[in-house]
Amino acid sequence: MLKEGQHGKLFIGGLNIQTNEMVLEAAFGKFGPMRIVVLMKDRGTKKSRGFAFITFESPEDVEAATKAMNGKFLDGKAIKVEQANNPSFASGGVGRERDIERGIYELFSGKSFF
């Protein structure tokens, strides 16, 4: 739960690879003012990786969007919507550590882990 006066970030997963920022803005903009919409894309192909982050001005808007949109269909696919600061995979584990290391490697080297 976010505290009053903080903006909040949503994770949106399971996106159709054809979904773009404009679609996300239209679908989630009705819940309140957004600071930024970030659709994660592959560095090489520039195609969607199937997930995005949206930062809202208000914590109430984050909660409303999460409740209304989680499990709904967007561009033909059911999406997962949750607060980005409270992911369901936060339990960790070896796989998560490996994924974090891979992401850090790719971020700083500019090369794919594989």
# chains A, B, ... in the order shown; residues from 1 in each chain; ligands from 1
>>> select_by_dssp(residues="range 12-72 of chain A", states="alpha helix (DSSP H)", output="list in words")
Glu21, Met22, Val23, Leu24, Glu25, Ala26, Ala27, Phe28, Pro59, Glu60, Asp61, Val62, Glu63, Ala64, Ala65, Thr66, Lys67, Ala68 and Met69 of chain A
>>> write_last_selection(atoms="N, CA and C atoms", output="PDB file, in the first residue's frame")
ATOM      1  N   GLU A  21       2.225   1.967 -26.436  1.00  0.00           N
ATOM      2  CA  GLU A  21       2.040   2.944 -25.373  1.00  0.00           C
ATOM      3  C   GLU A  21       0.695   3.652 -25.466  1.00  0.00           C
ATOM      4  N   MET A  22       0.240   3.929 -26.693  1.00  0.00           N
ATOM      5  CA  MET A  22      -1.035   4.624 -26.869  1.00  0.00           C
ATOM      6  C   MET A  22      -2.199   3.781 -26.367  1.00  0.00           C
ATOM      7  N   VAL A  23      -2.142   2.481 -26.599  1.00  0.00           N
ATOM      8  CA  VAL A  23      -3.192   1.579 -26.116  1.00  0.00           C
ATOM      9  C   VAL A  23      -3.201   1.566 -24.591  1.00  0.00           C
ATOM     10  N   LEU A  24      -2.011   1.492 -23.995  1.00  0.00           N
ATOM     11  CA  LEU A  24      -1.904   1.499 -22.531  1.00  0.00           C
ATOM     12  C   LEU A  24      -2.424   2.808 -21.947  1.00  0.00           C
ATOM     13  N   GLU A  25      -2.074   3.930 -22.584  1.00  0.00           N
ATOM     14  CA  GLU A  25      -2.554   5.232 -22.111  1.00  0.00           C
ATOM     15  C   GLU A  25      -4.073   5.313 -22.174  1.00  0.00           C
ATOM     16  N   ALA A  26      -4.654   4.782 -23.241  1.00  0.00           N
ATOM     17  CA  ALA A  26      -6.114   4.807 -23.380  1.00  0.00           C
ATOM     18  C   ALA A  26      -6.782   3.902 -22.353  1.00  0.00           C
ATOM     19  N   ALA A  27      -6.214   2.726 -22.126  1.00  0.00           N
ATOM     20  CA  ALA A  27      -6.829   1.761 -21.211  1.00  0.00           C
ATOM     21  C   ALA A  27      -6.690   2.171 -19.751  1.00  0.00           C
ATOM     22  N   PHE A  28      -5.552   2.757 -19.378  1.00  0.00           N
ATOM     23  CA  PHE A  28      -5.290   3.071 -17.974  1.00  0.00           C
ATOM     24  C   PHE A  28      -5.485   4.550 -17.636  1.00  0.00           C
ATOM     25  N   PRO A  59      -1.810   7.408  -5.391  1.00  0.00           N
ATOM     26  CA  PRO A  59      -1.927   6.011  -4.965  1.00  0.00           C
ATOM     27  C   PRO A  59      -3.337   5.452  -5.152  1.00  0.00           C
ATOM     28  N   GLU A  60      -4.346   6.304  -5.010  1.00  0.00           N
ATOM     29  CA  GLU A  60      -5.723   5.848  -5.198  1.00  0.00           C
ATOM     30  C   GLU A  60      -5.948   5.383  -6.634  1.00  0.00           C
ATOM     31  N   ASP A  61      -5.323   6.062  -7.588  1.00  0.00           N
ATOM     32  CA  ASP A  61      -5.454   5.685  -8.990  1.00  0.00           C
ATOM     33  C   ASP A  61      -4.791   4.338  -9.258  1.00  0.00           C
ATOM     34  N   VAL A  62      -3.665   4.086  -8.601  1.00  0.00           N
ATOM     35  CA  VAL A  62      -2.968   2.803  -8.735  1.00  0.00           C
ATOM     36  C   VAL A  62      -3.868   1.678  -8.239  1.00  0.00           C
ATOM     37  N   GLU A  63      -4.453   1.877  -7.081  1.00  0.00           N
ATOM     38  CA  GLU A  63      -5.320   0.849  -6.506  1.00  0.00           C
ATOM     39  C   GLU A  63      -6.552   0.615  -7.376  1.00  0.00           C
ATOM     40  N   ALA A  64      -7.142   1.684  -7.882  1.00  0.00           N
ATOM     41  CA  ALA A  64      -8.329   1.549  -8.728  1.00  0.00           C
ATOM     42  C   ALA A  64      -7.992   0.811 -10.022  1.00  0.00           C
ATOM     43  N   ALA A  65      -6.880   1.155 -10.642  1.00  0.00           N
ATOM     44  CA  ALA A  65      -6.471   0.503 -11.891  1.00  0.00           C
ATOM     45  C   ALA A  65      -6.157  -0.968 -11.658  1.00  0.00           C
ATOM     46  N   THR A  66      -5.510  -1.268 -10.550  1.00  0.00           N
ATOM     47  CA  THR A  66      -5.174  -2.662 -10.236  1.00  0.00           C
ATOM     48  C   THR A  66      -6.443  -3.492 -10.081  1.00  0.00           C
ATOM     49  N   LYS A  67      -7.379  -2.993  -9.303  1.00  0.00           N
ATOM     50  CA  LYS A  67      -8.625  -3.729  -9.065  1.00  0.00           C
ATOM     51  C   LYS A  67      -9.448  -3.890 -10.341  1.00  0.00           C
ATOM     52  N   ALA A  68      -9.505  -2.854 -11.144  1.00  0.00           N
ATOM     53  CA  ALA A  68     -10.356  -2.878 -12.331  1.00  0.00           C
ATOM     54  C   ALA A  68      -9.747  -3.656 -13.497  1.00  0.00           C
ATOM     55  N   MET A  69      -8.414  -3.644 -13.635  1.00  0.00           N
ATOM     56  CA  MET A  69      -7.796  -4.179 -14.850  1.00  0.00           C
ATOM     57  C   MET A  69      -7.130  -5.543 -14.700  1.00  0.00           C
TER      58      MET A  69
END
>>> closest_residue(among="A:Gln18, A:Ala78, A:Lys30, A:Ala84", to="Phe53 in chain A", atoms="only C-alpha atoms")
A:Ala84
